[in-house]
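Structure first, commentary second.
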Amino acid sequence: MANRKYIVGNWKMNGLRAQLSDIADIAALAETHEGVDVAICPPVTLIAQAAENTQGFKIGAQDCHFAISGAHTGCLSAEMIREAGATLTILGHSERRTDQHETDAEVKAKAQAAHSAGLGAIICVGETEQERDAGKAIDIVCGQLAGSFPEGADADWLTIAYEPVWAIGTGRVPEVSDVEEMHAAIRSQLAQLMGDGAGAVRILYGGSMNGSNAAQLLAVANVDGGLVGGASLTAEKFGPIIKAAAEA
Ligand code: PGA
């Protein structure tokens with residue numbers, strides 16, 4: 001049976017208080033599409049107010065620390081994020097793996113911390129263009145998944161996002177056949193890691209998803225939703241993706 005679709009907006013380092021109204025608009029829109037789960041992950045500074053303004057709508061973070069507390073200047077624990085009103089967090093996004101040199105082991109520890117604090121976790125994996133050109137995409141992605149996979153994970157709190165690095169923010173998307181091949185590989189890697197529960201874990205596609213290509217991407221086998229950056233910033237742009245997911 002197909003999984004219920006999950007569409008997550010990753011706002012990255014975008015959004016001031018003036019944009020809280022966009023989150024409210026998106027939450028209202030999501031409410032009119034019953035067959036799909038929708039979340040927005042704004043900057044941490046907006047989480048508490050966004051959660052208060054949109055009761056019942058999923059608000060998430062974009063990272064958390066793996067420690068419960070301590071001497072980690074500038075960092076936020078999963079518990080702090082949960083207390084602010086988030087119910088999930090993105091982890092191991094390629095921008096963090098590059099800019100903050102996050103390793104698979106750190107992502108795994110962060111996922112365990114997120115789960116302990118009661119947060120859902122979306123673990124991101126994806127190859128660079130060089131790795132794809134070298135024919136290593138599947139090995140790289142499955143390796144990242146195995147290295148980042150938290151012990152005892154299940155579909156109730158774990159989601160995977162496949163995001164080819166070269167497709168993020170570039171307007172380029174992989175061929176449908178490549179998306180299908182990669183999502184099938186991720187599904188079988190999940191089956192090796194967790195057995196029977198693997199079928200229920202949602203695998204999102206991310207990288208230049210927009211209102212024009214969402215329906216096609218969401219129709220691919222094992223694509224259970226999308227992680228959306230640029231096209232998630234307003235209800236006008238995000239709406240067609242939510243609609244496509246509801247109809248997929
Ligand atoms: P994009 O970003 O939709 O702007 O390509 C996706 C992501 O990085 O999560």
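Order determines the names: the first chain of the structure tokens is A, the second B, and so forth; residues in each chain are numbered 1 upward, and ligands are numbered 1 upward as they are shown.
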Could you give me, as number ranges by chain, every polymer residue with an atom at most 7 Å away from an atom of ligand 1, counting only C-alpha atoms and all ligand atoms? A: 10, 163, 167-171, 206-209, 227-231
Range 71-144 of chain A: which residues are strand (DSSP E or B) by DSSP, as a ChimeraX atom specification? /A:77,88-91,120-125
Once you count only C-alpha atoms, what closest atom pair and distance in Å to one decimal does each residue of range 106-177 of chain A within 7 Å of range 59-71 of chain A have, with rows by chain and rising residue number, as a Markdown table?
| residue | atom | partner | partner_atom | distance |
| --- | --- | --- | --- | --- |
| A:Ala109 | CA | A:Phe66 | CA | 5.4 |
| A:Lys110 | CA | A:Phe66 | CA | 4.2 |
| A:Ala113 | CA | A:Phe66 | CA | 5.4 |
Same residues, all heavy atoms, output as an mmCIF file, in the first residue's frame:
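again_22.cif, freshly written:
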data_model
loop_
_atom_site.group_PDB
_atom_site.id
_atom_site.type_symbol
_atom_site.label_atom_id
_atom_site.label_comp_id
_atom_site.auth_asym_id
_atom_site.auth_seq_id
_atom_site.Cartn_x
_atom_site.Cartn_y
_atom_site.Cartn_z
ATOM 1 N N ALA A 109 23.677 10.418 15.584
ATOM 2 C CA ALA A 109 23.529 10.807 16.997
ATOM 3 C C ALA A 109 22.457 11.889 17.154
ATOM 4 O O ALA A 109 21.686 11.893 18.120
ATOM 5 C CB ALA A 109 24.874 11.298 17.542
ATOM 6 N N LYS A 110 22.395 12.786 16.192
ATOM 7 C CA LYS A 110 21.371 13.837 16.236
ATOM 8 C C LYS A 110 19.977 13.223 16.093
ATOM 9 O O LYS A 110 19.034 13.653 16.755
ATOM 10 C CB LYS A 110 21.603 14.844 15.096
ATOM 11 C CG LYS A 110 22.779 15.770 15.342
ATOM 12 C CD LYS A 110 23.051 16.655 14.137
ATOM 13 C CE LYS A 110 24.221 17.586 14.450
ATOM 14 N NZ LYS A 110 24.047 18.932 13.921
ATOM 15 N N ALA A 113 19.009 11.770 19.324
ATOM 16 C CA ALA A 113 18.650 12.838 20.272
ATOM 17 C C ALA A 113 17.269 13.404 19.942
ATOM 18 O O ALA A 113 16.458 13.668 20.841
ATOM 19 C CB ALA A 113 19.708 13.949 20.220
#
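For the choices A:Asn210, A:Val173, A:Ala27, A:Gln55, the atom-to-atom distance to Ser232 in chain A is smallest for A:Asn210 when using only C-alpha atoms.
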Tell me which protein, DNA and RNA residues are within 7 Å of range 144-155 of chain A, counting only C-alpha atoms, leaving out same-chain ones fewer than 4 positions away, and put them as a ChimeraX atom specification. /A:104-105,107-108,111-112,125,140,159,197,200-201
Would you export the selected residues with C-alpha atoms as a short mmCIF file (atom, residue, chain, number, x, y, z; two decimals), in the first residue's frame, please?
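File produced: out.cif:
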data_model
loop_
_atom_site.label_atom_id
_atom_site.label_comp_id
_atom_site.auth_asym_id
_atom_site.auth_seq_id
_atom_site.Cartn_x
_atom_site.Cartn_y
_atom_site.Cartn_z
CA ASP A 104 27.14 10.43 9.16
CA ALA A 105 27.96 9.54 12.77
CA VAL A 107 23.69 12.83 11.93
CA LYS A 108 22.92 9.44 13.49
CA ALA A 111 18.55 11.58 15.03
CA GLN A 112 18.72 9.60 18.25
CA VAL A 125 21.16 11.92 1.87
CA ILE A 140 27.32 7.02 -1.86
CA THR A 159 11.70 9.95 7.30
CA GLY A 197 9.17 -1.85 8.91
CA ALA A 200 6.31 2.33 5.87
CA VAL A 201 9.24 4.76 6.12
#
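CA of Ala121 in chain A to CA of Val8 in chain A spans 11.7 Å [interatomic distance, one decimal].
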Quick one, how far is CA of Phe238 in chain A from CA of Gly211 in chain A? 7.1 Å
Can you list every residue in range 8-245 of chain A that DSSP puts in helix (DSSP H, G or I), as a ChimeraX atom specification? /A:17-31,44-53,78-84,94-99,104-116,129-133,137-148,165-167,176-200,214-218,230-232,235-245
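A straight line drawn from CA of Ile7 in chain A to CA of Asn213 in chain A is 13.9 Å long.
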If we count only C-alpha atoms, what is near range 28-43 of chain A at a cut-off of 9 Å, once residues fewer than 4 positions away on the same chain are taken out, given as a ChimeraX atom specification? /A:4-16,23-24,47,50,54,57-62,86,88-90,225,232,235,239,242-243,245-247
N, CA, C and O atoms of the current selection, written as a compact mmCIF listing (two decimals), in the first residue's frame:
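File written: again-v1.txt
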# COMPACT_ATOMS: atom_id res chain seq x y z
N ARG A 4 1.05 7.56 2.83
CA ARG A 4 0.46 8.90 2.74
C ARG A 4 1.58 9.89 2.43
O ARG A 4 2.67 9.82 3.01
N LYS A 5 1.33 10.79 1.49
CA LYS A 5 2.38 11.72 1.06
C LYS A 5 2.70 12.76 2.16
O LYS A 5 1.83 13.14 2.95
N TYR A 6 3.95 13.19 2.13
CA TYR A 6 4.46 14.11 3.15
C TYR A 6 5.24 15.21 2.41
O TYR A 6 6.22 14.91 1.72
N ILE A 7 4.79 16.44 2.55
CA ILE A 7 5.44 17.57 1.86
C ILE A 7 6.00 18.50 2.93
O ILE A 7 5.25 19.04 3.76
N VAL A 8 7.31 18.71 2.89
CA VAL A 8 7.98 19.50 3.93
C VAL A 8 8.68 20.69 3.30
O VAL A 8 9.46 20.53 2.35
N GLY A 9 8.41 21.86 3.83
CA GLY A 9 9.08 23.08 3.36
C GLY A 9 10.30 23.36 4.21
O GLY A 9 10.20 23.45 5.43
N ASN A 10 11.44 23.48 3.56
CA ASN A 10 12.70 23.80 4.24
C ASN A 10 13.03 25.25 3.92
O ASN A 10 13.48 25.55 2.81
N TRP A 11 12.81 26.11 4.89
CA TRP A 11 13.00 27.55 4.63
C TRP A 11 14.46 27.98 4.70
O TRP A 11 14.78 29.12 4.39
N LYS A 12 15.34 27.08 5.15
CA LYS A 12 16.76 27.43 5.24
C LYS A 12 16.93 28.76 6.00
O LYS A 12 16.18 29.00 6.94
N MET A 13 17.86 29.63 5.59
CA MET A 13 18.07 30.88 6.33
C MET A 13 17.24 32.00 5.70
O MET A 13 17.76 33.03 5.26
N ASN A 14 15.93 31.75 5.64
CA ASN A 14 15.00 32.73 5.07
C ASN A 14 13.82 32.88 6.01
O ASN A 14 13.29 31.88 6.49
N GLY A 15 13.40 34.14 6.23
CA GLY A 15 12.20 34.36 7.01
C GLY A 15 12.44 35.21 8.24
O GLY A 15 13.22 34.87 9.12
N LEU A 16 11.72 36.34 8.27
CA LEU A 16 11.65 37.21 9.44
C LEU A 16 10.21 37.17 9.94
O LEU A 16 9.36 36.50 9.34
N ILE A 23 3.47 31.44 6.69
CA ILE A 23 3.32 30.12 7.33
C ILE A 23 1.84 29.89 7.67
O ILE A 23 1.31 28.79 7.46
N ALA A 24 1.19 30.92 8.18
CA ALA A 24 -0.24 30.79 8.50
C ALA A 24 -1.05 30.48 7.24
O ALA A 24 -1.96 29.64 7.27
N ILE A 47 10.05 29.54 15.14
CA ILE A 47 9.34 28.30 15.50
C ILE A 47 8.23 28.55 16.53
O ILE A 47 7.08 28.16 16.32
N ALA A 50 5.35 30.64 15.16
CA ALA A 50 4.65 29.91 14.08
C ALA A 50 3.80 28.78 14.66
O ALA A 50 2.66 28.57 14.25
N THR A 54 -0.37 28.45 14.45
CA THR A 54 -0.92 27.42 13.55
C THR A 54 -1.12 26.12 14.31
O THR A 54 -0.56 25.10 13.93
N PHE A 57 -0.79 22.30 13.08
CA PHE A 57 0.04 22.21 11.88
C PHE A 57 1.46 21.87 12.30
O PHE A 57 1.91 22.29 13.38
N LYS A 58 2.17 21.10 11.48
CA LYS A 58 3.53 20.68 11.85
C LYS A 58 4.55 21.77 11.55
O LYS A 58 4.73 22.16 10.40
N ILE A 59 5.25 22.19 12.60
CA ILE A 59 6.37 23.12 12.46
C ILE A 59 7.63 22.37 12.86
O ILE A 59 7.65 21.65 13.87
N GLY A 60 8.68 22.52 12.06
CA GLY A 60 9.91 21.78 12.35
C GLY A 60 11.13 22.68 12.39
O GLY A 60 11.06 23.86 12.02
N ALA A 61 12.24 22.09 12.82
CA ALA A 61 13.54 22.78 12.81
C ALA A 61 14.37 22.22 11.64
O ALA A 61 13.92 21.33 10.92
N GLN A 62 15.55 22.77 11.47
CA GLN A 62 16.41 22.35 10.35
C GLN A 62 17.66 21.62 10.84
O GLN A 62 18.50 21.20 10.03
N ALA A 86 8.26 22.84 18.00
CA ALA A 86 8.50 22.00 16.82
C ALA A 86 8.12 20.56 17.12
O ALA A 86 8.20 20.12 18.28
N LEU A 88 9.23 18.17 14.64
CA LEU A 88 10.17 17.42 13.81
C LEU A 88 11.40 18.27 13.55
O LEU A 88 11.39 19.48 13.81
N THR A 89 12.43 17.63 13.02
CA THR A 89 13.59 18.38 12.54
C THR A 89 14.21 17.69 11.34
O THR A 89 14.23 16.46 11.25
N ILE A 90 14.71 18.51 10.43
CA ILE A 90 15.53 18.03 9.31
C ILE A 90 16.92 17.79 9.89
O ILE A 90 17.37 18.54 10.75
N GLY A 225 6.83 11.77 -1.03
CA GLY A 225 6.64 13.18 -0.72
C GLY A 225 7.82 13.99 -1.19
O GLY A 225 8.64 13.51 -1.98
N SER A 232 8.82 26.63 -1.29
CA SER A 232 7.97 26.48 -0.10
C SER A 232 7.78 27.80 0.65
O SER A 232 7.15 27.83 1.71
N ALA A 235 2.55 30.54 0.11
CA ALA A 235 1.43 29.63 -0.17
C ALA A 235 1.19 29.56 -1.69
O ALA A 235 0.80 28.52 -2.22
N GLY A 239 1.46 25.90 -2.68
CA GLY A 239 0.11 25.36 -2.86
C GLY A 239 0.01 24.29 -3.95
O GLY A 239 -0.52 23.20 -3.70
N ILE A 242 1.44 20.99 -2.75
CA ILE A 242 0.54 20.32 -1.79
C ILE A 242 -0.63 19.67 -2.53
O ILE A 242 -1.00 18.53 -2.27
N LYS A 243 -1.16 20.41 -3.50
CA LYS A 243 -2.30 19.90 -4.28
C LYS A 243 -1.88 18.66 -5.07
O LYS A 243 -2.59 17.66 -5.10
N ALA A 245 0.41 16.58 -4.34
CA ALA A 245 0.61 15.46 -3.40
C ALA A 245 -0.74 14.88 -2.97
O ALA A 245 -0.89 13.66 -2.85
N ALA A 246 -1.71 15.75 -2.77
CA ALA A 246 -3.04 15.29 -2.35
C ALA A 246 -3.69 14.45 -3.44
O ALA A 246 -4.46 13.54 -3.17
N GLU A 247 -3.34 14.76 -4.69
CA GLU A 247 -3.96 14.07 -5.82
C GLU A 247 -3.13 12.88 -6.30
O GLU A 247 -3.56 12.14 -7.18
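Closest approach to Asp139 in chain A among A:Gln19, A:Ser212, A:Gln189, A:Thr103: A:Gln189, based on only C-alpha atoms.
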Residue neighbourhood His93 in chain A, 8 Å, only C-alpha atoms, exclusion window fewer than 4 positions, as a list in words: Arg97, Ile123, Cys124 and Val125 of chain A
Could you turn the residues from that selection into a file that holds N, CA, C and O atoms, as a JSON list (two decimals), in the first residue's frame?
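Below you can see part.json, which holds the result:
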[["chain", "number", "residue", "atom", "x", "y", "z"],
["A", 97, "ARG", "N", 26.11, 19.27, 5.83],
["A", 97, "ARG", "CA", 27.21, 18.31, 5.67],
["A", 97, "ARG", "C", 28.41, 19.02, 5.03],
["A", 97, "ARG", "O", 29.56, 18.71, 5.34],
["A", 123, "ILE", "N", 16.09, 12.55, 7.78],
["A", 123, "ILE", "CA", 17.53, 12.43, 7.49],
["A", 123, "ILE", "C", 17.75, 12.59, 5.99],
["A", 123, "ILE", "O", 17.14, 11.88, 5.19],
["A", 124, "CYS", "N", 18.62, 13.54, 5.64],
["A", 124, "CYS", "CA", 18.89, 13.82, 4.22],
["A", 124, "CYS", "C", 20.14, 13.09, 3.74],
["A", 124, "CYS", "O", 21.15, 13.05, 4.44],
["A", 125, "VAL", "N", 20.03, 12.57, 2.53],
["A", 125, "VAL", "CA", 21.16, 11.92, 1.87],
["A", 125, "VAL", "C", 21.17, 12.37, 0.40],
["A", 125, "VAL", "O", 20.13, 12.78, -0.12]]
Spatial neighbours of Pro164 in chain A, 7 Å, only C-alpha atoms, chain gap at least 5 places, as a ChimeraX atom specification: /A:126-128,207
Same residues, C-alpha atoms, output as a PDB file, in the first residue's frame:
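Result written to part24.pdb:
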ATOM      1  CA  GLY A 126      22.354  12.690  -1.653  1.00  0.00           C
ATOM      2  CA  GLU A 127      25.256  12.528  -4.065  1.00  0.00           C
ATOM      3  CA  THR A 128      27.244  15.334  -5.695  1.00  0.00           C
ATOM      4  CA  GLY A 207      15.935  19.317  -5.160  1.00  0.00           C
TER       5      GLY A 207
END
Can you pull out every residue within 10 Å of Ala184 in chain A, counting only C-alpha atoms, but drop anything in the same chain fewer than 3 positions away, and send it as a JSON list (two decimals) with all heavy atoms, in the first residue's frame?
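Resulting contents of selection-v3.json:
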[["chain", "number", "residue", "atom", "x", "y", "z"],
["A", 178, "ASP", "N", 16.07, 7.92, -12.96],
["A", 178, "ASP", "CA", 17.12, 7.97, -11.94],
["A", 178, "ASP", "C", 16.52, 8.12, -10.54],
["A", 178, "ASP", "O", 17.02, 7.55, -9.56],
["A", 178, "ASP", "CB", 18.09, 9.13, -12.21],
["A", 178, "ASP", "CG", 18.98, 8.85, -13.42],
["A", 178, "ASP", "OD1", 19.18, 7.66, -13.74],
["A", 178, "ASP", "OD2", 19.44, 9.82, -14.05],
["A", 179, "VAL", "N", 15.45, 8.90, -10.44],
["A", 179, "VAL", "CA", 14.77, 9.04, -9.14],
["A", 179, "VAL", "C", 14.20, 7.68, -8.72],
["A", 179, "VAL", "O", 14.35, 7.25, -7.58],
["A", 179, "VAL", "CB", 13.63, 10.10, -9.23],
["A", 179, "VAL", "CG1", 12.83, 10.15, -7.93],
["A", 179, "VAL", "CG2", 14.20, 11.47, -9.55],
["A", 180, "GLU", "N", 13.59, 7.00, -9.67],
["A", 180, "GLU", "CA", 12.98, 5.70, -9.38],
["A", 180, "GLU", "C", 14.05, 4.69, -8.92],
["A", 180, "GLU", "O", 13.86, 3.98, -7.93],
["A", 180, "GLU", "CB", 12.26, 5.18, -10.62],
["A", 180, "GLU", "CG", 11.48, 3.92, -10.35],
["A", 180, "GLU", "CD", 10.53, 3.56, -11.49],
["A", 180, "GLU", "OE1", 10.42, 4.33, -12.47],
["A", 180, "GLU", "OE2", 9.92, 2.49, -11.40],
["A", 181, "GLU", "N", 15.16, 4.69, -9.62],
["A", 181, "GLU", "CA", 16.24, 3.76, -9.29],
["A", 181, "GLU", "C", 16.79, 4.05, -7.88],
["A", 181, "GLU", "O", 16.99, 3.14, -7.07],
["A", 181, "GLU", "CB", 17.36, 3.90, -10.34],
["A", 181, "GLU", "CG", 18.51, 2.93, -10.13],
["A", 181, "GLU", "CD", 19.65, 3.18, -11.11],
["A", 181, "GLU", "OE1", 19.94, 4.36, -11.43],
["A", 181, "GLU", "OE2", 20.28, 2.20, -11.53],
["A", 187, "ARG", "N", 14.98, 2.14, -0.52],
["A", 187, "ARG", "CA", 14.00, 1.24, 0.11],
["A", 187, "ARG", "C", 14.67, -0.09, 0.46],
["A", 187, "ARG", "O", 14.47, -0.62, 1.56],
["A", 187, "ARG", "CB", 12.81, 1.01, -0.83],
["A", 187, "ARG", "CG", 11.70, 0.15, -0.25],
["A", 187, "ARG", "CD", 10.85, 0.86, 0.79],
["A", 187, "ARG", "NE", 10.03, 1.90, 0.20],
["A", 187, "ARG", "CZ", 9.55, 2.96, 0.89],
["A", 187, "ARG", "NH1", 9.82, 3.10, 2.17],
["A", 187, "ARG", "NH2", 8.82, 3.87, 0.28],
["A", 188, "SER", "N", 15.47, -0.64, -0.44],
["A", 188, "SER", "CA", 16.07, -1.94, -0.09],
["A", 188, "SER", "C", 17.16, -1.79, 0.96],
["A", 188, "SER", "O", 17.34, -2.67, 1.81],
["A", 188, "SER", "CB", 16.51, -2.74, -1.32],
["A", 188, "SER", "OG", 17.34, -1.99, -2.11],
["A", 189, "GLN", "N", 17.86, -0.65, 0.96],
["A", 189, "GLN", "CA", 18.84, -0.42, 2.03],
["A", 189, "GLN", "C", 18.11, -0.32, 3.38],
["A", 189, "GLN", "O", 18.57, -0.86, 4.39],
["A", 189, "GLN", "CB", 19.61, 0.88, 1.75],
["A", 189, "GLN", "CG", 20.60, 1.27, 2.81],
["A", 189, "GLN", "CD", 21.84, 0.38, 2.83],
["A", 189, "GLN", "OE1", 22.42, 0.09, 1.80],
["A", 189, "GLN", "NE2", 22.22, -0.08, 4.00],
["A", 190, "LEU", "N", 16.97, 0.34, 3.38],
["A", 190, "LEU", "CA", 16.17, 0.42, 4.62],
["A", 190, "LEU", "C", 15.74, -0.97, 5.09],
["A", 190, "LEU", "O", 15.75, -1.26, 6.29],
["A", 190, "LEU", "CB", 14.93, 1.30, 4.42],
["A", 190, "LEU", "CG", 15.15, 2.82, 4.39],
["A", 190, "LEU", "CD1", 13.85, 3.52, 3.98],
["A", 190, "LEU", "CD2", 15.62, 3.34, 5.75],
["A", 203, "ILE", "N", 10.02, 8.11, 2.02],
["A", 203, "ILE", "CA", 11.23, 8.57, 1.35],
["A", 203, "ILE", "C", 10.83, 9.77, 0.48],
["A", 203, "ILE", "O", 10.08, 9.62, -0.49],
["A", 203, "ILE", "CB", 11.85, 7.47, 0.47],
["A", 203, "ILE", "CG1", 12.06, 6.17, 1.28],
["A", 203, "ILE", "CG2", 13.17, 7.95, -0.13],
["A", 203, "ILE", "CD1", 12.50, 4.97, 0.43],
["A", 221, "ALA", "N", 7.45, 5.54, -8.24],
["A", 221, "ALA", "CA", 7.39, 4.52, -7.19],
["A", 221, "ALA", "C", 8.36, 4.85, -6.07],
["A", 221, "ALA", "O", 9.50, 5.27, -6.34],
["A", 221, "ALA", "CB", 7.73, 3.15, -7.79],
["A", 222, "ASN", "N", 7.94, 4.66, -4.85],
["A", 222, "ASN", "CA", 8.76, 4.91, -3.65],
["A", 222, "ASN", "C", 9.06, 6.38, -3.38],
["A", 222, "ASN", "O", 9.89, 6.69, -2.53],
["A", 222, "ASN", "CB", 10.07, 4.12, -3.68],
["A", 222, "ASN", "CG", 9.85, 2.63, -3.49],
["A", 222, "ASN", "OD1", 9.30, 2.23, -2.48],
["A", 222, "ASN", "ND2", 10.25, 1.84, -4.47],
["A", 223, "VAL", "N", 8.42, 7.30, -4.10],
["A", 223, "VAL", "CA", 8.53, 8.72, -3.76],
["A", 223, "VAL", "C", 7.30, 9.06, -2.92],
["A", 223, "VAL", "O", 6.18, 9.12, -3.42],
["A", 223, "VAL", "CB", 8.64, 9.63, -5.01],
["A", 223, "VAL", "CG1", 8.60, 11.10, -4.60],
["A", 223, "VAL", "CG2", 9.93, 9.31, -5.78]]
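Between Leu158 in chain A and the residues A:Gly92, A:Gly56, A:Gly120, A:Gly74, the shortest atom-to-atom distance, using only C-alpha atoms, involves A:Gly120.
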